[in-house]
$ cat model_24.txt   # compact mmCIF, C-alpha atoms and all ligand atoms
# COMPACT_ATOMS: atom_id res chain seq x y z
CA MET P 1 -72.10 40.62 85.00
CA GLN P 2 -69.33 42.69 83.47
CA THR P 3 -65.85 42.91 84.90
CA ALA P 4 -62.57 44.23 83.62
CA PRO P 5 -59.05 44.53 84.95
CA LEU P 6 -58.52 47.48 87.23
CA PRO P 7 -55.97 50.14 86.38
CA SER P 8 -52.77 49.48 88.28
CA SER P 9 -52.23 53.04 89.43
CA PRO P 10 -54.40 55.27 91.61
CA VAL P 11 -56.47 57.72 89.67
CA ASP P 12 -57.61 60.86 91.43
CA VAL P 13 -60.73 61.74 89.51
CA THR P 14 -62.20 63.72 92.37
CA GLY P 15 -60.41 67.00 91.64
CA LEU P 16 -59.72 67.17 95.40
CA ASN P 17 -55.98 66.58 95.18
CA LEU P 18 -56.37 63.70 97.62
CA PRO P 19 -53.48 62.56 99.81
CA GLU P 20 -52.22 59.12 98.85
CA ASP P 21 -54.06 57.26 101.61
CA GLN P 22 -57.42 58.66 100.50
CA ARG P 23 -57.11 57.63 96.86
CA ALA P 24 -58.78 54.71 95.12
CA LEU P 25 -58.55 52.79 91.90
CA VAL P 26 -61.34 53.45 89.43
CA PHE P 27 -63.30 51.18 87.16
CA GLU P 28 -64.24 52.42 83.71
CA ALA P 29 -67.94 53.26 84.17
CA ALA P 30 -68.90 50.56 81.66
CA THR P 31 -67.04 47.83 83.54
CA LEU P 32 -68.37 48.24 87.07
CA PRO P 33 -69.79 44.96 88.41
CA VAL P 34 -73.53 45.28 87.70
CA ILE P 35 -76.00 42.43 88.32
CA ASP P 36 -79.47 42.27 86.80
CA LEU P 37 -81.82 40.99 89.53
CA SER P 38 -84.91 40.46 87.36
CA GLY P 39 -84.38 36.68 87.61
CA LEU P 40 -85.19 36.86 91.34
CA TYR P 41 -88.76 37.75 90.40
CA SER P 42 -89.14 34.73 88.07
CA ASP P 43 -90.96 31.49 88.97
CA ASP P 44 -88.29 29.48 87.17
CA PRO P 45 -85.63 28.27 89.64
CA ALA P 46 -83.07 28.35 86.81
CA ASP P 47 -83.46 32.15 86.63
CA VAL P 48 -82.93 32.47 90.38
CA ALA P 49 -79.91 30.15 90.18
CA ARG P 50 -78.38 32.32 87.44
CA VAL P 51 -78.70 35.45 89.61
CA ALA P 52 -77.41 33.52 92.65
CA ALA P 53 -74.27 32.49 90.71
CA GLU P 54 -73.67 36.10 89.67
CA LEU P 55 -74.15 37.42 93.23
CA GLY P 56 -71.67 34.88 94.52
CA ALA P 57 -69.13 35.51 91.75
CA ALA P 58 -69.31 39.27 92.32
CA GLY P 59 -69.09 38.82 96.10
CA LYS P 60 -65.96 36.67 95.66
CA GLY P 61 -64.45 38.76 92.88
CA ALA P 62 -65.08 42.48 93.04
CA GLY P 63 -66.16 42.20 96.70
CA PHE P 64 -69.12 44.52 96.08
CA PHE P 65 -71.54 45.06 93.22
CA TYR P 66 -74.33 47.17 91.81
CA ILE P 67 -77.84 45.82 91.24
CA ILE P 68 -80.26 46.83 88.46
CA ASN P 69 -83.83 45.69 87.77
CA HIS P 70 -84.10 45.31 91.53
CA GLY P 71 -87.85 45.96 91.63
CA ILE P 72 -87.74 49.14 93.77
CA PRO P 73 -89.64 51.93 91.93
CA GLN P 74 -87.61 55.14 91.49
CA ALA P 75 -90.54 57.12 92.93
CA LEU P 76 -90.10 55.39 96.32
CA ILE P 77 -86.41 56.26 96.32
CA ASP P 78 -87.13 59.88 95.36
CA ASP P 79 -89.77 60.17 98.12
CA VAL P 80 -87.42 58.95 100.82
CA TYR P 81 -84.62 61.28 99.67
CA ALA P 82 -87.16 64.12 99.83
CA ALA P 83 -88.11 63.06 103.38
CA SER P 84 -84.45 62.90 104.39
CA LYS P 85 -83.70 66.33 102.88
CA ALA P 86 -86.77 67.86 104.56
CA PHE P 87 -85.70 66.45 107.94
CA HIS P 88 -82.05 67.44 107.72
CA ALA P 89 -83.00 70.96 106.55
CA GLN P 90 -84.73 71.56 109.92
CA PRO P 91 -83.03 73.58 112.65
CA ARG P 92 -80.86 71.59 115.04
CA ASP P 93 -83.31 72.17 117.92
CA TYR P 94 -86.06 70.46 115.98
CA LYS P 95 -83.83 67.53 115.03
CA MET P 96 -82.65 67.12 118.63
CA ASN P 97 -86.26 66.49 119.68
CA TYR P 98 -85.64 63.14 118.03
CA TYR P 99 -82.12 62.65 119.40
CA ILE P 100 -81.17 58.98 119.19
CA GLY P 101 -79.84 59.16 122.76
CA LYS P 102 -83.40 59.73 124.00
CA SER P 103 -84.56 56.51 122.36
CA THR P 104 -84.59 53.24 124.28
CA HIS P 105 -83.98 51.29 121.09
CA HIS P 106 -81.52 53.26 118.99
CA GLN P 107 -83.79 55.17 116.64
CA GLY P 108 -83.75 58.83 115.73
CA TYR P 109 -81.39 61.66 114.92
CA ALA P 110 -77.62 61.49 115.43
CA PRO P 111 -75.75 64.78 114.94
CA PRO P 112 -72.25 64.86 113.36
CA GLU P 113 -70.38 64.80 116.70
CA GLU P 114 -72.19 61.59 117.75
CA ALA P 115 -69.99 59.44 115.51
CA SER P 116 -66.72 60.65 117.02
CA SER P 117 -65.14 58.11 119.31
CA LYS P 118 -64.15 59.09 122.84
CA ALA P 119 -60.87 57.24 122.35
CA LYS P 120 -59.98 59.05 119.09
CA PRO P 121 -61.46 62.58 119.22
CA GLU P 122 -59.15 63.76 116.42
CA LYS P 123 -61.01 61.55 113.94
CA LYS P 124 -63.98 63.54 112.62
CA SER P 125 -66.90 62.27 110.54
CA TYR P 126 -68.87 64.80 108.53
CA HIS P 127 -72.28 63.16 108.56
CA GLU P 128 -75.52 63.31 110.46
CA THR P 129 -78.28 60.73 110.22
CA TYR P 130 -81.82 59.71 111.07
CA ASP P 131 -81.77 55.98 111.88
CA ILE P 132 -84.79 53.72 112.08
CA SER P 133 -85.15 49.96 112.25
CA PHE P 134 -87.56 47.11 111.57
CA ASP P 135 -91.00 47.91 113.00
CA ALA P 136 -91.16 45.48 115.93
CA PRO P 137 -94.33 45.31 118.04
CA ALA P 138 -94.29 47.08 121.42
CA ASP P 139 -94.77 43.73 123.19
CA HIS P 140 -91.78 42.08 121.49
CA PRO P 141 -89.68 40.33 124.18
CA ASP P 142 -86.40 41.84 122.89
CA TYR P 143 -87.90 45.33 123.18
CA LEU P 144 -89.23 44.63 126.66
CA ALA P 145 -85.88 43.16 127.67
CA GLY P 146 -84.12 46.36 126.58
CA TYR P 147 -81.86 44.84 123.95
CA ARG P 148 -81.74 48.31 122.34
CA LEU P 149 -81.85 47.20 118.71
CA THR P 150 -85.49 46.09 118.58
CA GLY P 151 -88.69 48.10 118.96
CA PRO P 152 -91.38 50.12 117.23
CA GLN P 153 -90.34 52.56 114.51
CA VAL P 154 -89.95 56.19 115.58
CA PHE P 155 -90.72 58.99 113.12
CA PRO P 156 -90.49 62.78 113.20
CA ASP P 157 -93.78 64.65 112.73
CA LEU P 158 -92.90 66.05 109.29
CA PRO P 159 -95.70 65.64 106.73
CA GLY P 160 -95.06 62.72 104.38
CA PHE P 161 -91.97 61.44 106.24
CA GLN P 162 -93.53 58.38 107.83
CA PRO P 163 -95.33 56.96 104.76
CA ALA P 164 -92.31 57.55 102.49
CA VAL P 165 -89.80 55.95 104.86
CA LYS P 166 -92.09 53.08 105.92
CA THR P 167 -92.89 52.16 102.32
CA TYR P 168 -89.25 52.35 101.26
CA TYR P 169 -88.14 50.27 104.25
CA GLU P 170 -90.66 47.54 103.52
CA ALA P 171 -89.79 47.42 99.78
CA VAL P 172 -86.03 47.23 100.31
CA TYR P 173 -86.48 44.73 103.15
CA GLN P 174 -88.46 42.43 100.81
CA LEU P 175 -85.72 42.80 98.18
CA GLY P 176 -83.19 41.82 100.86
CA ARG P 177 -85.19 38.67 101.64
CA LYS P 178 -85.05 37.68 97.96
CA MET P 179 -81.32 38.35 97.86
CA LEU P 180 -80.65 36.32 101.00
CA GLY P 181 -82.65 33.48 99.41
CA ALA P 182 -80.35 33.74 96.38
CA PHE P 183 -77.27 33.61 98.63
CA GLU P 184 -78.71 30.38 100.12
CA VAL P 185 -78.76 28.97 96.57
CA PHE P 186 -75.21 30.15 95.89
CA LEU P 187 -73.95 28.61 99.15
CA GLU P 188 -75.85 25.37 98.31
CA LEU P 189 -77.92 25.54 101.48
CA PRO P 190 -81.42 24.13 101.92
CA PRO P 191 -84.09 26.80 101.27
CA GLY P 192 -84.72 28.82 104.43
CA GLU P 193 -81.43 27.89 106.12
CA LEU P 194 -80.52 31.58 106.48
CA LEU P 195 -83.96 33.17 106.10
CA GLN P 196 -85.22 31.25 109.15
CA HIS P 197 -83.19 33.77 111.17
CA VAL P 198 -84.94 36.83 109.71
CA ASN P 199 -88.26 37.40 111.48
CA THR P 200 -87.92 40.55 113.60
CA PRO P 201 -84.46 41.53 112.41
CA THR P 202 -82.13 44.22 113.72
CA SER P 203 -82.01 45.72 110.21
CA GLN P 204 -81.45 49.45 110.36
CA LEU P 205 -82.11 52.02 107.66
CA ARG P 206 -80.07 55.24 107.84
CA LEU P 207 -81.06 58.52 106.22
CA LEU P 208 -77.54 59.89 106.00
CA HIS P 209 -76.64 63.49 105.27
CA TYR P 210 -72.98 64.34 104.64
CA VAL P 211 -72.61 67.98 105.49
CA GLU P 212 -70.89 70.63 103.44
CA ASN P 213 -67.57 71.64 105.03
CA SER P 214 -64.18 73.12 104.23
CA ALA P 215 -62.05 70.59 106.14
CA PRO P 216 -59.48 68.69 104.08
CA ALA P 217 -60.05 65.17 102.78
CA ASP P 218 -57.60 63.23 104.92
CA ALA P 219 -57.44 60.38 107.40
CA ASN P 220 -58.69 62.59 110.28
CA ASN P 221 -61.52 64.16 108.27
CA MET P 222 -63.77 61.64 106.60
CA GLY P 223 -67.36 61.39 105.47
CA ILE P 224 -67.36 58.09 107.33
CA GLY P 225 -64.24 56.17 108.38
CA ALA P 226 -63.28 52.75 107.04
CA HIS P 227 -65.41 49.90 108.37
CA SER P 228 -67.37 46.85 107.35
CA ASP P 229 -71.08 46.53 107.95
CA PHE P 230 -72.04 44.09 110.65
CA GLU P 231 -75.06 42.33 109.14
CA CYS P 232 -75.63 39.99 106.15
CA PHE P 233 -75.27 42.61 103.42
CA THR P 234 -76.17 46.25 102.84
CA ILE P 235 -78.44 47.64 100.13
CA LEU P 236 -77.21 51.19 99.62
CA ASN P 237 -78.51 54.08 97.54
CA VAL P 238 -76.22 57.09 97.12
CA SER P 239 -76.82 60.59 95.77
CA GLY P 240 -73.22 61.46 94.93
CA PRO P 241 -69.58 60.34 94.77
CA GLY P 242 -67.31 59.71 97.75
CA LEU P 243 -67.81 56.02 98.57
CA GLN P 244 -64.79 53.75 98.26
CA VAL P 245 -64.95 49.98 98.76
CA MET P 246 -62.17 47.47 99.27
CA ASN P 247 -62.05 44.84 96.56
CA ALA P 248 -61.21 41.19 97.11
CA GLU P 249 -57.49 41.98 96.58
CA ASP P 250 -57.74 44.58 99.39
CA TYR P 251 -57.33 47.69 97.24
CA TRP P 252 -59.59 50.72 97.60
CA VAL P 253 -61.86 51.14 94.60
CA ALA P 254 -64.14 54.11 93.94
CA ALA P 255 -67.87 53.25 93.85
CA PRO P 256 -69.56 56.16 92.10
CA PRO P 257 -73.34 56.48 91.81
CA LEU P 258 -74.86 54.70 88.79
CA PRO P 259 -78.41 55.76 87.89
CA GLY P 260 -81.10 53.17 88.61
CA THR P 261 -78.87 51.01 90.81
CA PHE P 262 -78.16 50.19 94.43
CA ILE P 263 -74.69 49.29 95.67
CA VAL P 264 -74.45 46.07 97.68
CA ASN P 265 -71.73 45.40 100.27
CA ILE P 266 -71.19 41.99 101.83
CA GLY P 267 -71.52 42.15 105.64
CA ASP P 268 -69.82 40.32 108.52
CA CYS P 269 -72.52 37.61 108.89
CA LEU P 270 -72.23 36.44 105.26
CA GLU P 271 -68.46 36.27 105.63
CA ALA P 272 -68.78 34.04 108.69
CA TRP P 273 -71.57 31.87 107.22
CA SER P 274 -69.49 31.30 104.07
CA GLY P 275 -66.33 30.55 106.07
CA GLY P 276 -64.61 33.53 104.47
CA LEU P 277 -65.51 32.70 100.84
CA LEU P 278 -67.40 36.00 100.70
CA LYS P 279 -65.44 38.75 102.41
CA SER P 280 -67.13 41.49 104.37
CA THR P 281 -66.67 44.58 102.21
CA GLN P 282 -64.58 47.25 103.92
CA HIS P 283 -65.69 50.69 102.81
CA ARG P 284 -65.40 54.38 103.64
CA VAL P 285 -66.65 57.74 102.39
CA ILE P 286 -63.97 60.35 101.79
CA ASN P 287 -64.66 63.93 102.77
CA THR P 288 -65.51 65.59 99.47
CA GLY P 289 -66.63 68.68 101.43
CA ARG P 290 -69.84 68.63 99.39
CA GLU P 291 -73.34 67.84 100.55
CA ARG P 292 -74.30 64.21 99.96
CA PHE P 293 -77.23 62.01 100.94
CA SER P 294 -77.28 58.24 101.14
CA LEU P 295 -79.62 55.45 102.25
CA PRO P 296 -78.03 52.24 103.53
CA LEU P 297 -80.35 49.45 104.68
CA PHE P 298 -78.34 46.92 106.63
CA PHE P 299 -80.06 43.58 106.07
CA GLY P 300 -79.56 41.67 109.30
CA THR P 301 -80.92 38.74 111.28
CA ASP P 302 -82.88 38.41 114.51
CA TYR P 303 -80.90 39.54 117.57
CA HIS P 304 -80.32 36.06 119.02
CA THR P 305 -79.11 34.36 115.82
CA VAL P 306 -75.92 32.40 116.35
CA VAL P 307 -73.75 32.99 113.28
CA GLN P 308 -71.16 30.38 112.28
CA PRO P 309 -69.96 28.68 109.08
CA VAL P 310 -72.81 26.70 107.49
CA GLY P 311 -73.35 23.85 105.01
CA LYS P 312 -70.25 22.81 103.13
CA TYR P 313 -68.45 25.84 104.56
CA ALA P 314 -68.69 24.44 108.10
CA THR P 315 -65.19 22.98 108.00
CA GLU P 316 -62.78 22.67 110.89
CA ALA P 317 -60.56 25.35 109.34
CA ALA P 318 -63.53 27.73 108.98
CA PHE P 319 -64.57 27.19 112.62
CA GLU P 320 -61.00 27.89 113.63
CA LYS P 321 -61.26 31.31 111.98
CA TYR P 322 -64.95 32.06 112.68
CA LYS P 323 -66.01 31.32 116.23
CA PRO P 324 -69.81 31.31 116.62
CA PHE P 325 -71.18 34.72 117.63
CA VAL P 326 -74.61 36.16 118.44
CA SER P 327 -75.45 38.60 115.66
CA GLY P 328 -77.22 41.11 117.94
CA GLU P 329 -74.26 41.15 120.32
CA HIS P 330 -71.87 41.72 117.44
CA LEU P 331 -74.04 44.56 116.13
CA LEU P 332 -74.61 46.18 119.54
CA GLY P 333 -70.92 45.84 120.44
CA GLN P 334 -69.86 47.60 117.24
CA THR P 335 -72.65 50.18 117.56
CA ILE P 336 -71.47 51.09 121.07
CA GLY P 337 -68.06 51.85 119.54
CA GLY P 338 -69.69 54.11 116.93
CA PHE P 339 -72.06 56.21 119.07
CA ARG P 340 -71.03 58.65 121.77
CA TYR P 341 -74.27 58.30 123.75
CA LEU P 342 -73.89 54.52 124.01
CA GLN P 343 -70.26 54.86 125.13
CA ASP P 344 -71.45 57.31 127.82
CA LEU P 345 -74.17 54.92 128.98
CA VAL P 346 -71.63 52.11 129.29
CA ASP P 347 -69.09 54.36 131.05
CA ASP P 348 -71.78 55.56 133.49
CA GLY P 349 -72.86 51.99 134.21
CA LYS P 350 -76.34 52.64 132.83
CA LEU P 351 -75.88 50.15 130.01
CA LYS P 352 -74.39 46.84 131.05
CA PRO P 353 -73.83 44.64 128.02
CA THR P 354 -74.04 40.93 128.77
CA PHE P 355 -70.96 40.36 126.59
CA SER P 356 -67.55 41.98 126.44
CA VAL P 357 -67.50 44.95 124.08
CA PRO P 358 -64.57 44.62 121.66
CA ASP P 359 -62.23 47.54 120.92
CA SER P 360 -62.27 46.79 117.20
CA ASN P 361 -64.05 44.62 114.69
CA PRO P 362 -62.48 41.20 113.96
CA PHE P 363 -63.80 41.53 110.39
CA GLU P 364 -61.66 44.61 109.73
CA ARG P 365 -59.06 44.34 106.95
CA GLU P 366 -56.21 46.69 106.13
CA ALA P 367 -56.04 48.10 102.63
CA LYS P 368 -53.00 47.38 100.51
CA LYS P 369 -51.02 50.41 99.54
CA ILE P 370 -51.52 51.47 95.97
CA ALA P 371 -48.20 52.03 94.22
CA VAL P 372 -47.94 55.54 92.80
O1 LIG G 1 -72.92 56.81 102.63
C1 LIG G 1 -72.43 55.80 102.14
O2 LIG G 1 -72.22 55.70 100.91
C2 LIG G 1 -72.03 54.64 103.03
C3 LIG G 1 -72.57 54.70 104.43
C4 LIG G 1 -72.07 53.60 105.32
O3 LIG G 1 -71.11 52.95 104.99
C5 LIG G 1 -72.73 53.25 106.61
O4 LIG G 1 -73.57 54.02 107.09
O5 LIG G 1 -72.41 52.18 107.15
FE FE G 2 -71.16 51.04 106.04
$ encode --input "model_24.txt" --output "structure tokens"
Amino acid sequence: MQTAPLPSSPVDVTGLNLPEDQRALVFEAATLPVIDLSGLYSDDPADVARVAAELGAAGKGAGFFYIINHGIPQALIDDVYAASKAFHAQPRDYKMNYYIGKSTHHQGYAPPEEASSKAKPEKKSYHETYDISFDAPADHPDYLAGYRLTGPQVFPDLPGFQPAVKTYYEAVYQLGRKMLGAFEVFLELPPGELLQHVNTPTSQLRLLHYVENSAPADANNMGIGAHSDFECFTILNVSGPGLQVMNAEDYWVAAPPLPGTFIVNIGDCLEAWSGGLLKSTQHRVINTGRERFSLPLFFGTDYHTVVQPVGKYATEAAFEKYKPFVSGEHLLGQTIGGFRYLQDLVDDGKLKPTFSVPDSNPFEREAKKIAV
């Protein structure tokens, strides 16, 4: 992996004349943290261990990283972008046939206004999305029990959409399994200690479309507001600039697209499992005003997994900071905060979570101000 010191002043390379709070530090392109994953496909445990050490070092250091030689053919990525573009190019009436609010298990189309919170209507997000999840059987107990995050995949009837998205999902999911196995090695856990919790996971894939607009790039107008992802880690493909991630020193850093790579963010579960050694990567997408597509796959666990510090990270101090939580409850609680239709269901008493829904995410971190 390559790393280099960051510049100490904010650099606005966007040409958008960004206000101070929307700016980020930039890496020289050649010094972005890039990890070669080919060792994960080797039979030699030493190769896997080498990759595991690099994943851990990047997770601790930069707080996010790019992966190359990840084993996902470019053709699969191109096909799923084509499917996403074909879907989002349809008229709104067509897309609303697949409105996520009609789904019993949180799959389908979410228009731009869906992401605005009832509590903070002034905060606008300029994206729409088609969200699907792991293809759980129709007789899965979590689906029958109405846990909302588990169930069969739902697809629009556009030609080629289903095979492209299904194939991509499966390929990236298998990559995620290999990566979680490598994190087990890094955290010095017995093989399977984390993977035992990934059988019918609540892992969503979003086909995100950031819409062209003439609103400013400021704190009230964002592509997507600052947040961490709620699962183990996220394997993200992006079509254009705009993403900023918080590094381990809590400064915003620009994460531009690099050909042939995915960007990986650490999620809340890995932070808790590692007792805070790996920090859940805060990130946001500024409003460039330009069209942008992206494909995050949030690699998560089964709904009922109890997440708490593990192995040598299960210290008293770590348990003090990370109380055990049920991963599906954490994800559903945060998802309710992020989707208008779920807030309405809760407010109308039609959705009664069995846990208290938090107002914010305990894994949130504030960015440090960058001196100008
Ligand atoms: O579009 C991106 O680059 C990031 C999307 C994201 O952070 C999310 O959907 O959670
Ligand atoms: Fe995210």
$ atom_distance --input "model_24.txt" --atom1 "atom CA of Gln196 of chain P" --atom2 "atom CA of Ala182 of chain P"
13.9 Å
$ residues_around --input "model_24.txt" --residues "segment 76-85 of chain P" --least-positions-apart "3" --cutoff "9 Å" --atoms "only C-alpha atoms" --output "list in words"
Ile72, Pro73, His88, Ala89, Gln90, Thr129, Tyr130, Leu158, Pro159, Gly160, Phe161, Gln162, Ala164, Val165, Thr167, Tyr168, Ala171, Leu207, Leu208, His209, Asn237, Ser239, Phe293, Ser294 and Leu295 of chain P
$ closest_residue --input "model_24.txt" --among "P:Pro216, P:Leu342, P:Tyr210, P:Lys60" --to "Leu277 of chain P" --atoms "only C-alpha atoms"
P:Lys60
$ residues_near_ligand --input "model_24.txt" --ligand "ligand FE 2 (chain G)" --cutoff "9 Å" --atoms "all atoms listed in the file" --output "list in words"
Ile224, Gly225, Ala226, His227, Ser228, Asp229, Phe230, Thr234, Leu236, Asn265, Gly267, Thr281, Gln282, His283, Arg284, Val285, Pro296 and Phe298 of chain P
$ closest_residue --input "model_24.txt" --among "P:Met246, P:Val51, P:Leu194, P:Ile35" --to "ligand LIG 1 (chain G)" --atoms "all atoms listed in the file"
P:Met246
$ closest_residue --input "model_24.txt" --among "P:Leu270, P:Val357, P:Val264, P:Ala62" --to "ligand LIG 1 (chain G)" --atoms "all atoms listed in the file"
P:Val264
$ closest_residue --input "model_24.txt" --among "P:Leu175, P:Leu278, P:Ile286, P:Ala314" --to "Phe363 of chain P" --atoms "all atoms listed in the file"
P:Leu278
$ closest_residue --input "model_24.txt" --among "P:Phe339, P:Phe155, P:Tyr169, P:Tyr66" --to "Tyr98 of chain P" --atoms "only C-alpha atoms"
P:Phe155
$ atom_distance --input "model_24.txt" --atom1 "atom CA of Thr305 of chain P" --atom2 "atom CA of Val326 of chain P"
5.5 Å
$ axis_aligned_box --input "model_24.txt" --around "ligand LIG 1 (chain G)" --padding-each-side "3 Å" --output "lines of an AutoDock Vina configuration file"
center_x = -72.3
center_y = 54.5
center_z = 104.0
size_x = 8.5
size_y = 10.6
size_z = 12.2
$ closest_residue --input "model_24.txt" --among "P:Ala119, P:Ala52, P:Leu189, P:Ala318" --to "Ser360 of chain P" --atoms "all atoms listed in the file"
P:Ala119
$ residues_near_point --input "model_24.txt" --point "(-51.5, 49.6, 99.4)" --cutoff "9 Å" --atoms "only C-alpha atoms" --output "PyMOL selection string"
chain P and resi 21+250-252+366-371
$ atom_distance --input "model_24.txt" --atom1 "atom CA of Tyr126 of chain P" --atom2 "atom CA of Leu25 of chain P"
23.0 Å
$ residues_around --input "model_24.txt" --residues "Glu291 of chain P" --least-positions-apart "3" --cutoff "9 Å" --atoms "all atoms listed in the file" --output "count of residues only"
7
